[in-house]
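Asker: File name model-v6.txt; file contents compact mmCIF, C-alpha atoms; full text below.
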# COMPACT_ATOMS: atom_id res chain seq x y z
CA MET Y 1 -5.76 50.70 -98.84
CA PRO Y 2 -3.64 53.68 -97.71
CA ASP Y 3 -4.32 55.06 -94.28
CA GLN Y 4 -6.55 58.12 -94.36
CA SER Y 5 -6.00 59.11 -90.73
CA PRO Y 6 -5.91 62.89 -90.24
CA ALA Y 7 -2.53 64.50 -89.71
CA HIS Y 8 -3.93 67.16 -87.37
CA PRO Y 9 -4.64 66.54 -83.65
CA LEU Y 10 -8.00 65.39 -82.39
CA ARG Y 11 -10.64 68.08 -82.15
CA ARG Y 12 -14.03 68.25 -80.53
CA THR Y 13 -16.89 67.37 -82.76
CA PRO Y 14 -18.90 70.50 -83.72
CA PRO Y 15 -22.05 71.17 -81.70
CA THR Y 16 -25.14 69.47 -83.02
CA PRO Y 17 -28.26 71.43 -84.07
CA ARG Y 18 -29.96 70.07 -80.97
CA GLU Y 19 -27.22 71.48 -78.73
CA LEU Y 20 -27.40 74.86 -80.49
CA ARG Y 21 -31.17 74.97 -80.00
CA GLY Y 22 -30.62 74.07 -76.35
CA ASP Y 23 -28.32 77.09 -75.97
CA VAL Y 24 -31.02 79.37 -77.32
CA TRP Y 25 -33.57 77.96 -74.87
CA LEU Y 26 -31.04 78.28 -72.04
CA ALA Y 27 -30.45 81.95 -72.87
CA ALA Y 28 -34.20 82.58 -73.02
CA GLY Y 29 -34.78 80.90 -69.66
CA LEU Y 30 -31.98 82.83 -68.00
CA PHE Y 31 -33.30 86.07 -69.51
CA VAL Y 32 -36.67 85.56 -67.85
CA SER Y 33 -34.95 84.52 -64.63
CA ALA Y 34 -32.74 87.63 -64.69
CA ILE Y 35 -35.80 89.89 -65.03
CA LEU Y 36 -37.53 88.18 -62.12
CA SER Y 37 -34.35 88.24 -60.03
CA SER Y 38 -33.83 91.95 -60.67
CA ALA Y 39 -37.46 92.76 -59.88
CA LEU Y 40 -37.45 90.75 -56.66
CA GLY Y 41 -34.04 92.14 -55.69
CA SER Y 42 -35.35 95.65 -56.17
CA VAL Y 43 -38.35 94.95 -53.95
CA ALA Y 44 -36.13 93.31 -51.34
CA GLY Y 45 -33.77 96.32 -51.37
CA VAL Y 46 -30.61 94.37 -52.18
CA TYR Y 47 -28.46 97.48 -52.61
CA GLY Y 48 -30.63 99.75 -50.55
CA GLY Y 49 -30.76 103.30 -51.84
CA ASP Y 50 -27.82 102.71 -54.21
CA ALA Y 51 -29.75 100.33 -56.48
CA ALA Y 52 -30.34 101.42 -60.08
CA GLU Y 53 -33.87 102.78 -60.47
CA GLY Y 54 -36.10 101.90 -63.37
CA LEU Y 55 -37.08 98.53 -64.82
CA GLN Y 56 -35.62 99.48 -68.20
CA TRP Y 57 -32.08 99.12 -66.83
CA ALA Y 58 -32.89 95.69 -65.43
CA LEU Y 59 -34.32 94.63 -68.82
CA LEU Y 60 -31.27 95.92 -70.68
CA TYR Y 61 -28.95 94.24 -68.19
CA ALA Y 62 -30.81 90.91 -68.39
CA LEU Y 63 -30.72 90.96 -72.19
CA ALA Y 64 -27.02 91.86 -72.41
CA LEU Y 65 -26.15 89.25 -69.78
CA THR Y 66 -28.00 86.27 -71.24
CA ALA Y 67 -28.21 86.87 -75.01
CA PRO Y 68 -24.52 85.94 -75.65
CA LEU Y 69 -25.17 82.52 -74.12
CA ALA Y 70 -27.33 81.65 -77.14
CA VAL Y 71 -24.10 81.30 -79.18
CA ARG Y 72 -21.81 80.14 -76.39
CA ARG Y 73 -20.66 76.96 -78.19
CA ARG Y 74 -19.92 78.80 -81.44
CA TYR Y 75 -17.98 81.74 -79.97
CA PRO Y 76 -17.03 80.73 -76.39
CA GLU Y 77 -14.17 83.22 -75.93
CA ILE Y 78 -16.21 86.21 -77.11
CA VAL Y 79 -19.17 85.12 -74.97
CA VAL Y 80 -17.17 84.87 -71.73
CA VAL Y 81 -15.60 88.31 -72.26
CA ALA Y 82 -18.99 89.85 -73.07
CA VAL Y 83 -20.67 88.28 -70.03
CA ALA Y 84 -17.77 89.35 -67.78
CA VAL Y 85 -18.02 92.96 -68.97
CA VAL Y 86 -21.80 93.02 -68.51
CA PHE Y 87 -21.40 91.42 -65.07
CA PHE Y 88 -18.89 94.11 -64.10
CA VAL Y 89 -21.13 96.92 -65.35
CA GLY Y 90 -24.20 95.49 -63.62
CA VAL Y 91 -22.53 95.25 -60.22
CA THR Y 92 -20.90 98.66 -60.64
CA PHE Y 93 -24.24 100.35 -61.33
CA ARG Y 94 -26.05 98.29 -58.67
CA ILE Y 95 -28.48 96.31 -60.82
CA PRO Y 96 -30.37 94.34 -58.11
CA ASP Y 97 -29.64 90.82 -59.39
CA LEU Y 98 -27.58 88.47 -57.24
CA TYR Y 99 -27.96 85.03 -58.80
CA VAL Y 100 -28.56 84.91 -62.56
CA ALA Y 101 -25.43 86.96 -63.24
CA ASN Y 102 -23.34 84.44 -61.30
CA VAL Y 103 -24.97 81.51 -63.12
CA SER Y 104 -24.34 83.15 -66.51
CA MET Y 105 -20.73 83.86 -65.61
CA PHE Y 106 -20.21 80.25 -64.52
CA ILE Y 107 -21.74 78.86 -67.74
CA ALA Y 108 -19.63 81.15 -69.93
CA MET Y 109 -16.42 80.23 -68.08
CA TYR Y 110 -17.29 76.53 -68.24
CA THR Y 111 -18.00 76.72 -71.98
CA VAL Y 112 -14.54 78.09 -72.77
CA GLY Y 113 -12.94 75.15 -70.99
CA ALA Y 114 -15.29 72.59 -72.52
CA TRP Y 115 -15.43 73.72 -76.18
CA VAL Y 116 -12.22 75.53 -77.20
CA ASP Y 117 -9.84 73.17 -79.01
CA ASP Y 118 -6.88 75.52 -78.66
CA ARG Y 119 -6.11 74.74 -75.01
CA ARG Y 120 -3.50 77.48 -74.68
CA ARG Y 121 -5.97 80.12 -75.85
CA ALA Y 122 -8.65 78.71 -73.56
CA MET Y 123 -6.28 78.93 -70.59
CA TRP Y 124 -5.24 82.53 -71.31
CA VAL Y 125 -8.79 83.75 -71.89
CA ARG Y 126 -10.05 82.26 -68.64
CA ALA Y 127 -6.98 83.40 -66.74
CA ALA Y 128 -7.47 86.97 -68.00
CA VAL Y 129 -11.13 86.99 -66.92
CA ILE Y 130 -10.30 85.52 -63.50
CA VAL Y 131 -7.45 87.96 -62.88
CA GLY Y 132 -9.63 90.87 -63.98
CA MET Y 133 -12.43 89.79 -61.65
CA PHE Y 134 -10.10 89.37 -58.67
CA VAL Y 135 -8.41 92.72 -59.30
CA TRP Y 136 -11.82 94.35 -59.40
CA LEU Y 137 -12.82 92.50 -56.21
CA LEU Y 138 -9.66 93.66 -54.41
CA VAL Y 139 -10.29 97.24 -55.51
CA THR Y 140 -13.87 97.01 -54.25
CA MET Y 141 -12.71 95.56 -50.93
CA PHE Y 142 -10.13 98.33 -50.56
CA GLN Y 143 -12.76 101.00 -51.23
CA ALA Y 144 -15.04 99.37 -48.64
CA ALA Y 145 -12.19 99.24 -46.15
CA ILE Y 146 -11.48 102.97 -46.39
CA ASP Y 147 -15.16 103.94 -46.46
CA PRO Y 148 -15.78 106.09 -43.37
CA SER Y 149 -19.50 105.34 -43.40
CA ASP Y 150 -20.88 104.00 -40.12
CA GLU Y 151 -23.26 101.70 -41.96
CA SER Y 152 -20.50 99.27 -42.89
CA LEU Y 153 -19.55 96.26 -40.80
CA SER Y 154 -17.42 96.76 -37.71
CA ARG Y 155 -13.67 96.70 -38.27
CA ALA Y 156 -12.75 96.34 -34.60
CA GLY Y 157 -10.59 93.44 -33.52
CA LEU Y 158 -7.97 91.27 -35.21
CA PHE Y 159 -10.65 89.18 -36.97
CA SER Y 160 -13.44 91.69 -37.32
CA PRO Y 161 -16.84 91.06 -38.99
CA PHE Y 162 -15.63 93.15 -41.92
CA ALA Y 163 -12.50 91.02 -42.37
CA ALA Y 164 -14.60 87.85 -42.10
CA MET Y 165 -16.95 89.09 -44.80
CA MET Y 166 -14.05 89.97 -47.12
CA LEU Y 167 -12.50 86.54 -46.56
CA ILE Y 168 -15.82 84.87 -47.37
CA GLN Y 169 -16.01 86.86 -50.60
CA LEU Y 170 -12.50 85.76 -51.60
CA LEU Y 171 -13.17 82.10 -50.80
CA ILE Y 172 -16.51 82.05 -52.62
CA ASN Y 173 -15.04 83.64 -55.73
CA ALA Y 174 -12.04 81.30 -55.67
CA ALA Y 175 -14.34 78.28 -55.43
CA PHE Y 176 -16.66 79.72 -58.08
CA PHE Y 177 -14.02 80.40 -60.72
CA GLY Y 178 -11.94 77.35 -59.80
CA GLY Y 179 -14.98 75.09 -60.13
CA ALA Y 180 -15.89 76.53 -63.53
CA TYR Y 181 -12.28 76.15 -64.71
CA TYR Y 182 -11.95 72.57 -63.49
CA MET Y 183 -15.33 71.37 -64.72
CA GLY Y 184 -14.71 72.88 -68.17
CA ASP Y 185 -11.38 71.07 -68.48
CA ARG Y 186 -12.90 67.79 -67.31
CA ALA Y 187 -15.73 68.12 -69.84
CA TYR Y 188 -13.23 68.73 -72.66
CA ALA Y 189 -11.09 65.75 -71.60
CA ALA Y 190 -14.16 63.51 -71.49
CA ALA Y 191 -15.21 64.73 -74.96
CA MET Y 192 -11.73 63.98 -76.31
CA GLU Y 193 -11.87 60.49 -74.86
CA ARG Y 194 -15.22 59.91 -76.55
CA THR Y 195 -13.93 61.32 -79.84
CA ALA Y 196 -10.79 59.16 -79.69
CA LEU Y 197 -12.89 56.11 -78.88
CA GLU Y 198 -15.29 56.81 -81.75
CA GLN Y 199 -12.43 57.39 -84.16
CA ARG Y 200 -10.68 54.20 -83.07
CA THR Y 201 -13.98 52.33 -83.39
CA ARG Y 202 -14.37 53.56 -86.96
CA GLU Y 203 -10.77 52.58 -87.73
CA LEU Y 204 -11.30 49.14 -86.22
CA GLU Y 205 -14.51 48.73 -88.22
CA ARG Y 206 -12.70 49.61 -91.43
CA GLU Y 207 -9.87 47.29 -90.47
CA ARG Y 208 -12.36 44.51 -89.72
CA GLU Y 209 -13.92 44.93 -93.15
CA VAL Y 210 -10.51 44.86 -94.83
CA THR Y 211 -9.46 41.84 -92.78
CA ALA Y 212 -12.68 40.06 -93.69
CA ALA Y 213 -12.08 40.79 -97.38
CA GLN Y 214 -8.53 39.49 -97.05
CA ALA Y 215 -9.76 36.34 -95.33
CA VAL Y 216 -12.24 35.77 -98.15
CA ALA Y 217 -9.48 36.28 -100.74
CA LEU Y 218 -7.23 33.77 -98.98
CA ASP Y 219 -10.15 31.35 -98.71
CA ARG Y 220 -10.73 31.63 -102.44
CA VAL Y 221 -7.10 30.61 -103.01
CA ARG Y 222 -7.65 27.59 -100.78
CA ILE Y 223 -10.85 26.70 -102.64
CA ALA Y 224 -9.06 27.01 -105.99
CA ARG Y 225 -6.38 24.65 -104.73
CA GLU Y 226 -9.03 22.18 -103.56
CA LEU Y 227 -10.78 22.47 -106.91
CA HIS Y 228 -7.56 21.75 -108.73
CA ASP Y 229 -6.95 18.68 -106.56
CA VAL Y 230 -10.47 17.38 -107.19
CA VAL Y 231 -10.25 17.84 -110.94
CA ALA Y 232 -6.70 16.50 -111.26
CA HIS Y 233 -7.35 13.42 -109.14
CA HIS Y 234 -10.77 12.32 -110.35
CA VAL Y 235 -10.51 13.29 -114.01
CA SER Y 236 -7.12 11.58 -114.39
CA ALA Y 237 -8.52 8.44 -112.74
CA MET Y 238 -11.54 8.56 -115.01
CA GLY Y 239 -9.26 8.81 -118.05
CA VAL Y 240 -7.21 5.77 -117.02
CA GLN Y 241 -10.30 3.70 -116.29
CA ALA Y 242 -11.99 4.68 -119.55
CA GLY Y 243 -8.87 3.70 -121.49
CA ALA Y 244 -8.74 0.33 -119.75
CA ALA Y 245 -12.41 -0.29 -120.51
CA ARG Y 246 -11.85 0.52 -124.19
CA ALA Y 247 -8.86 -1.84 -124.36
CA VAL Y 248 -10.72 -4.89 -122.96
CA LEU Y 249 -14.19 -4.08 -124.23
CA ASP Y 250 -14.14 -6.74 -127.01
CA ARG Y 251 -12.33 -9.61 -125.33
CA ASP Y 252 -13.32 -9.14 -121.63
CA PRO Y 253 -16.71 -7.48 -121.19
CA ASP Y 254 -16.72 -8.12 -117.42
CA ALA Y 255 -13.43 -6.25 -116.96
CA ALA Y 256 -14.71 -3.44 -119.14
CA ARG Y 257 -17.88 -3.27 -117.05
CA SER Y 258 -15.81 -3.03 -113.86
CA ALA Y 259 -13.71 -0.24 -115.35
CA LEU Y 260 -16.81 1.71 -116.38
CA LEU Y 261 -18.24 1.30 -112.88
CA GLY Y 262 -15.02 2.87 -111.59
CA VAL Y 263 -15.47 5.77 -114.01
CA GLU Y 264 -19.03 6.25 -112.75
CA ALA Y 265 -17.91 6.18 -109.13
CA SER Y 266 -15.15 8.70 -109.78
CA ALA Y 267 -17.60 10.94 -111.63
CA ARG Y 268 -20.05 10.81 -108.72
CA SER Y 269 -17.34 11.60 -106.18
CA ALA Y 270 -16.08 14.48 -108.29
CA LEU Y 271 -19.60 15.90 -108.63
CA VAL Y 272 -20.18 15.66 -104.88
CA GLU Y 273 -16.95 17.47 -104.05
CA LEU Y 274 -17.49 20.08 -106.75
CA ARG Y 275 -20.99 20.72 -105.45
CA GLN Y 276 -19.61 21.28 -101.96
CA LEU Y 277 -17.04 23.76 -103.23
CA LEU Y 278 -19.64 25.63 -105.29
CA GLU Y 279 -21.95 25.82 -102.29
CA THR Y 280 -19.08 27.30 -100.29
CA LEU Y 281 -18.58 29.96 -102.96
CA ARG Y 282 -22.28 30.79 -103.15
CA THR Y 283 -22.64 31.21 -99.37
CA SER Y 284 -19.62 33.48 -98.98
CA ALA Y 285 -20.33 36.33 -96.56
CA ALA Y 286 -18.81 38.95 -98.83
CA ASP Y 287 -17.77 39.40 -102.42
CA PRO Y 288 -14.14 40.45 -102.10
CA ASP Y 289 -12.80 43.23 -104.15
CA GLY Y 290 -9.74 42.26 -106.13
CA GLY Y 291 -7.81 45.30 -104.93
CA SER Y 292 -8.71 45.06 -101.25
CA THR Y 293 -5.89 42.69 -100.19
CA VAL Y 294 -2.78 44.78 -99.74
CA HIS Y 295 0.70 43.47 -100.56
CA LEU Y 296 4.23 44.77 -100.28
CA SER Y 297 3.99 45.76 -103.93
CA ALA Y 298 1.81 48.67 -102.71
CA LEU Y 299 4.58 50.00 -100.42
CA PRO Y 300 5.72 52.64 -102.98
CA ASP Y 301 2.13 53.93 -103.10
CA LEU Y 302 2.11 54.17 -99.30
CA VAL Y 303 5.36 56.18 -99.36
CA ALA Y 304 3.95 58.42 -102.08
CA HIS Y 305 0.83 58.96 -99.95
CA ALA Y 306 3.02 59.99 -96.99
CA ASN Y 307 4.93 62.47 -99.18
CA ASP Y 308 1.67 63.92 -100.51
CA ASN Y 309 0.42 64.42 -96.94
CA GLY Y 310 3.34 66.45 -95.64
CA LEU Y 311 5.79 63.80 -94.43
CA PRO Y 312 8.92 63.60 -96.63
CA THR Y 313 9.55 59.87 -96.90
CA THR Y 314 12.09 57.72 -98.74
CA LEU Y 315 11.88 54.02 -99.58
CA THR Y 316 14.86 51.66 -99.89
CA VAL Y 317 14.59 47.96 -100.77
CA VAL Y 318 17.69 45.89 -99.96
CA GLY Y 319 18.09 42.43 -101.46
CA ASP Y 320 16.05 40.47 -103.94
CA PRO Y 321 12.30 40.27 -103.16
CA LEU Y 322 11.21 36.87 -101.89
CA PRO Y 323 7.80 35.25 -102.21
CA LEU Y 324 5.98 35.83 -98.93
CA PRO Y 325 2.60 34.59 -97.65
CA ASP Y 326 -0.27 37.02 -97.98
CA LEU Y 327 -0.57 37.26 -94.19
CA VAL Y 328 3.04 38.39 -93.83
CA GLN Y 329 2.74 40.89 -96.69
CA VAL Y 330 -0.43 42.39 -95.22
CA ASN Y 331 1.06 42.69 -91.72
CA VAL Y 332 4.36 44.20 -92.92
CA TYR Y 333 2.44 46.72 -95.01
CA ARG Y 334 0.13 47.64 -92.14
CA ILE Y 335 3.00 48.10 -89.68
CA ALA Y 336 4.74 50.42 -92.15
CA GLN Y 337 1.46 52.28 -92.59
CA GLU Y 338 0.94 52.69 -88.83
CA ALA Y 339 4.55 53.81 -88.29
CA LEU Y 340 4.26 56.50 -90.97
CA THR Y 341 0.92 57.61 -89.53
CA ASN Y 342 2.46 58.00 -86.06
CA ALA Y 343 5.42 59.90 -87.53
CA ARG Y 344 3.03 62.25 -89.32
CA ARG Y 345 0.95 62.75 -86.18
CA HIS Y 346 3.63 63.13 -83.53
CA GLY Y 347 6.90 63.97 -85.29
CA GLY Y 348 6.15 67.65 -85.73
CA PRO Y 349 6.05 69.86 -88.82
CA ASP Y 350 9.73 69.24 -89.72
CA ALA Y 351 9.63 65.46 -89.40
CA ALA Y 352 10.88 63.17 -92.17
CA ALA Y 353 10.79 59.38 -92.48
CA ASP Y 354 12.86 56.63 -94.05
CA VAL Y 355 11.41 53.20 -94.88
CA ARG Y 356 13.82 50.30 -95.45
CA LEU Y 357 12.74 46.80 -96.52
CA ARG Y 358 15.48 44.18 -96.32
CA TYR Y 359 15.26 40.67 -97.77
CA GLY Y 360 17.70 38.22 -96.23
CA ASP Y 361 18.30 34.53 -96.79
CA ASP Y 362 15.84 33.51 -94.10
CA THR Y 363 14.34 36.78 -92.85
CA VAL Y 364 12.54 39.86 -94.04
CA GLU Y 365 13.05 43.07 -92.07
CA LEU Y 366 11.15 46.35 -92.11
CA GLU Y 367 12.61 49.47 -90.55
CA VAL Y 368 10.78 52.81 -90.34
CA VAL Y 369 12.75 55.71 -88.85
CA ASN Y 370 11.50 59.25 -88.50
CA THR Y 371 13.05 62.48 -87.29
CA GLY Y 372 11.35 65.05 -85.08
CA ARG Y 373 9.68 64.59 -81.71
CA ALA Y 374 9.47 61.16 -80.16
CA VAL Y 375 6.92 61.89 -77.42
CA ILE Y 376 3.32 60.80 -78.06
CA THR Y 377 0.82 63.13 -76.35
CA PRO Y 378 -1.29 61.55 -73.58
CA MET Y 379 -4.54 62.64 -75.23
CA ARG Y 380 -3.90 60.23 -78.07
CA PRO Y 381 -5.40 56.79 -77.76
CA GLY Y 382 -2.40 54.45 -77.21
CA LEU Y 383 -3.50 51.52 -79.41
CA GLY Y 384 -1.20 51.97 -82.43
CA LEU Y 385 1.86 50.25 -80.93
CA VAL Y 386 -0.34 47.50 -79.51
CA GLY Y 387 -1.78 46.84 -82.97
CA MET Y 388 1.70 46.69 -84.51
CA ARG Y 389 2.86 44.21 -81.89
CA GLU Y 390 -0.19 42.05 -82.50
CA ARG Y 391 0.54 42.02 -86.25
CA ALA Y 392 4.17 41.14 -85.61
CA ALA Y 393 3.14 38.27 -83.35
CA ALA Y 394 0.61 37.02 -85.93
CA SER Y 395 3.43 36.86 -88.49
CA GLY Y 396 5.77 35.05 -86.07
CA GLY Y 397 8.13 38.02 -85.96
CA GLU Y 398 9.64 40.44 -83.45
CA LEU Y 399 8.92 44.16 -83.17
CA GLU Y 400 11.28 46.77 -81.77
CA THR Y 401 10.01 50.28 -81.07
CA GLY Y 402 11.31 53.26 -79.16
CA PRO Y 403 12.65 56.82 -79.33
CA ARG Y 404 16.03 57.43 -80.90
CA SER Y 405 18.85 59.10 -78.97
CA ARG Y 406 19.24 61.80 -81.64
CA GLY Y 407 15.52 62.46 -81.93
CA GLY Y 408 12.64 60.80 -83.65
CA PHE Y 409 11.25 57.29 -83.39
CA LEU Y 410 12.23 53.82 -84.59
CA VAL Y 411 10.03 50.89 -85.62
CA ARG Y 412 11.83 47.69 -86.67
CA LEU Y 413 10.10 44.42 -87.61
CA ARG Y 414 11.97 41.15 -88.20
CA VAL Y 415 10.07 38.12 -89.54
CA PRO Y 416 11.84 34.75 -89.94
CA LEU Y 417 10.82 33.03 -93.15
CA ALA Y 418 11.51 29.42 -92.16
CA ALA Y 419 8.11 29.06 -90.52
CA HIS Y 420 6.42 30.36 -93.70
CA ALA Y 421 8.39 28.33 -96.25
CA GLU Y 422 5.79 25.54 -96.30
CA ALA Y 423 2.92 28.05 -96.68
CA VAL Y 424 4.69 29.73 -99.62
CA ALA Y 425 5.32 26.35 -101.25
Show me, as structure tokens, the structure contained in the file I just sent.

Answerer:
Amino acid sequence: MPDQSPAHPLRRTPPTPRELRGDVWLAAGLFVSAILSSALGSVAGVYGGDAAEGLQWALLYALALTAPLAVRRRYPEIVVVAVAVVFFVGVTFRIPDLYVANVSMFIAMYTVGAWVDDRRRAMWVRAAVIVGMFVWLLVTMFQAAIDPSDESLSRAGLFSPFAAMMLIQLLINAAFFGGAYYMGDRAYAAAMERTALEQRTRELEREREVTAAQAVALDRVRIARELHDVVAHHVSAMGVQAGAARAVLDRDPDAARSALLGVEASARSALVELRQLLETLRTSAADPDGGSTVHLSALPDLVAHANDNGLPTTLTVVGDPLPLPDLVQVNVYRIAQEALTNARRHGGPDAAADVRLRYGDDTVELEVVNTGRAVITPMRPGLGLVGMRERAAASGGELETGPRSRGGFLVRLRVPLAAHAEAVA
């Protein structure tokens, strides 16, 4: 069974319908909260005489601020830019809302970090919004500093009330945007870990099913061998005893009777053993598919699959093929499959691979070399090399892996055949 692992990097799973409905309800709740906040802020005189008059502006502001959040998981970059612009306009025109705008801005910033798969784009979008907000804040602080109005805070002293207030504003905004940035990245990393774990679980489940089918196929071979032994032993004995009984039937009835009793005993024993074997077949946990057990004869198909999926790959077989146990064939095939999968994933767009299978007098060696990058990204679950080493150990062989000095990666498996000679025989 060729590996069907995707060649592209891991991506977040799309939002579920339940999550999308939750975004709509969140936007609706924040819309109502923004109206209440603006109304109460107007009554409390948040901006004094500079506040925007008229409830219609508060309604328009609340709608423009919260409506984009209904599609925040689908279009996170557009949503954060839209909310930032509305936030800027609202504060510029003194809409008396102090809290819902900040909450909406935090959610939009967090969503970009948590849901955008292109991490470079996510970083630049958030950095642009943060820089824009801080530039606007510095401009506002400069205007307040040169405002000759007597109503502003006192500027007297090295650490005046005005300077303290400006410093508080800077620290609060730094914590606000830094927290949204950090929490978004942590949410994305956690989602990637869950996705990698789910993908690996599915791969392990498929591998378990294939391994179970292979175990059943090998068990059928063992049962066939046992069946052959039963038939060969008992039927041949029955033939000899029946011939002896026929030879002495006329002149020695007692000897003929003894020979026929031996035939009966052999027949009973054969029936008992055959019944046990048939019961084993009937109670098998799975009906194995004849094509489920992979062998080295399928290696050309694996190489063709790699070529079809964007990894130019060549195959070279050195020496005359030797009869190998099914376990060794399966493990050699799977290690080649995993090595090509890693080359396709991590080697880069210009990577190429070369598969060499060497048959020696007492060893079989597999070597998979690829060009391109040799570094495996940390986001990837690091179980591929562990699985290859486990397969090598199960076959009694040695595995060598590591980056090459001139680029790319090397996987070399060497399996001594002396330990498997008896199994092949």

Asker: State, in Å with one decimal place, the distance from atom CA of Gly407 of chain Y to atom CA of Leu296 of chain Y.

Answerer: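 Going from atom CA of Gly407 of chain Y over to atom CA of Leu296 of chain Y, I get 27.9 Å.
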
Asker: So, counting all atoms listed in the file, which residue among Y:Ala189, Y:Leu170, Y:Met105, Y:Val415 is closest to Arg358 of chain Y?

Answerer: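 Distance minimum relative to Arg358 of chain Y lands on Y:Val415.
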
Asker: Rank Y:Ala306, Y:Val43, Y:Arg18, Y:Thr314 by their smallest atom-to-atom distance to Leu55 of chain Y, using only C-alpha atoms, and report the top residue only.

Answerer: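 Using only C-alpha atoms, the shortest distance to Leu55 of chain Y belongs to Y:Val43.
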
Asker: Quick one: axis-aligned box around all listed atoms of segment 198-206 of chain Y, 8 Å on every side, centre and edge lengths in Å to one decimal, written as JSON.

Answerer:
{"center_x": -13.0, "center_y": 53.1, "center_z": -86.6, "size_x": 20.6, "size_y": 24.7, "size_z": 25.7}

Asker: For Tyr181 of chain Y, work out the shell of residues within 9 Å, counting only C-alpha atoms and skipping chain neighbours fewer than 4 positions away, then give it as a PyMOL selection string.

Answerer: chain Y and resi 106+109-110+112-113+123+126+176-177+185-186

Asker: Using all atoms listed in the file, can you tell me which of Y:Thr313, Y:Ser42, Y:Thr92, Y:Gln337 comes closest to Thr371 of chain Y?

Answerer: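 Looking at the shortest contact to Thr371 of chain Y, the residue is Y:Thr313.
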
Asker: Could you please determine the separation between atom CA of Leu311 of chain Y and atom CA of Ala353 of chain Y in Å, to one decimal place?

Answerer: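 Calculated distance between atom CA of Leu311 of chain Y and atom CA of Ala353 of chain Y is 7.0 Å.
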
Asker: Taking into account all atoms listed in the file, which residue in the set Y:Leu417, Y:Ala393, Y:Leu26, Y:Ala108 is nearest to Leu324 of chain Y?

Answerer: Y:Leu417

Asker: Mind listing whatever residues come within 8 Å of the point (-33.5, 89.3, -69.1)? Use only C-alpha atoms, file coordinates, and give them as a count of residues only.

Answerer: 16

Asker: Within 9 Å of (-18.4, 91.7, -64.0) (coordinates as in the file), grab all the protein and nucleic acid residues, counting all atoms listed in the file, and write them out as number ranges by chain.

Answerer: Y: 83-92, 101, 105, 132-133, 136

Asker: At what distance in Å, to one decimal, does atom CA of Ala39 of chain Y lie from atom CA of Ile95 of chain Y?

Answerer: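 Here the two named atoms are 9.7 Å from each other.
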
Asker: Counting only C-alpha atoms, which residue out of Y:Gln329, Y:Ser258, Y:Asn102, Y:Thr201 sits closest to Ser37 of chain Y?

Answerer: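 Closest to Ser37 of chain Y, using only C-alpha atoms: Y:Asn102.
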
Asker: Hey, what's within 10 Å of Ala352 of chain Y if we count all atoms listed in the file and toss same-chain stuff fewer than 3 positions away? As a VMD selection string, please?

Answerer: chain Y and resid 306 to 307 310 to 314 340 343 to 344 347 to 349 369 to 372 408

Asker: Would you mind exporting the chosen residues as a PDB file, in the frame of the given file, restricted to C-alpha atoms?

Answerer:
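Listing of part-v9.pdb after writing:
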ATOM      1  CA  ALA Y 306       3.020  59.990 -96.990  1.00  0.00           C
ATOM      2  CA  ASN Y 307       4.930  62.470 -99.180  1.00  0.00           C
ATOM      3  CA  GLY Y 310       3.340  66.450 -95.640  1.00  0.00           C
ATOM      4  CA  LEU Y 311       5.790  63.800 -94.430  1.00  0.00           C
ATOM      5  CA  PRO Y 312       8.920  63.600 -96.630  1.00  0.00           C
ATOM      6  CA  THR Y 313       9.550  59.870 -96.900  1.00  0.00           C
ATOM      7  CA  THR Y 314      12.090  57.720 -98.740  1.00  0.00           C
ATOM      8  CA  LEU Y 340       4.260  56.500 -90.970  1.00  0.00           C
ATOM      9  CA  ALA Y 343       5.420  59.900 -87.530  1.00  0.00           C
ATOM     10  CA  ARG Y 344       3.030  62.250 -89.320  1.00  0.00           C
ATOM     11  CA  GLY Y 347       6.900  63.970 -85.290  1.00  0.00           C
ATOM     12  CA  GLY Y 348       6.150  67.650 -85.730  1.00  0.00           C
ATOM     13  CA  PRO Y 349       6.050  69.860 -88.820  1.00  0.00           C
ATOM     14  CA  VAL Y 369      12.750  55.710 -88.850  1.00  0.00           C
ATOM     15  CA  ASN Y 370      11.500  59.250 -88.500  1.00  0.00           C
ATOM     16  CA  THR Y 371      13.050  62.480 -87.290  1.00  0.00           C
ATOM     17  CA  GLY Y 372      11.350  65.050 -85.080  1.00  0.00           C
ATOM     18  CA  GLY Y 408      12.640  60.800 -83.650  1.00  0.00           C
TER      19      GLY Y 408
END

Asker: Give me the residues within 10 Å of Arg11 of chain Y as number ranges by chain, counting only C-alpha atoms and dropping any in the same chain fewer than 3 places off.

Answerer: Y: 8, 14, 115-118, 188, 191-192, 195-196
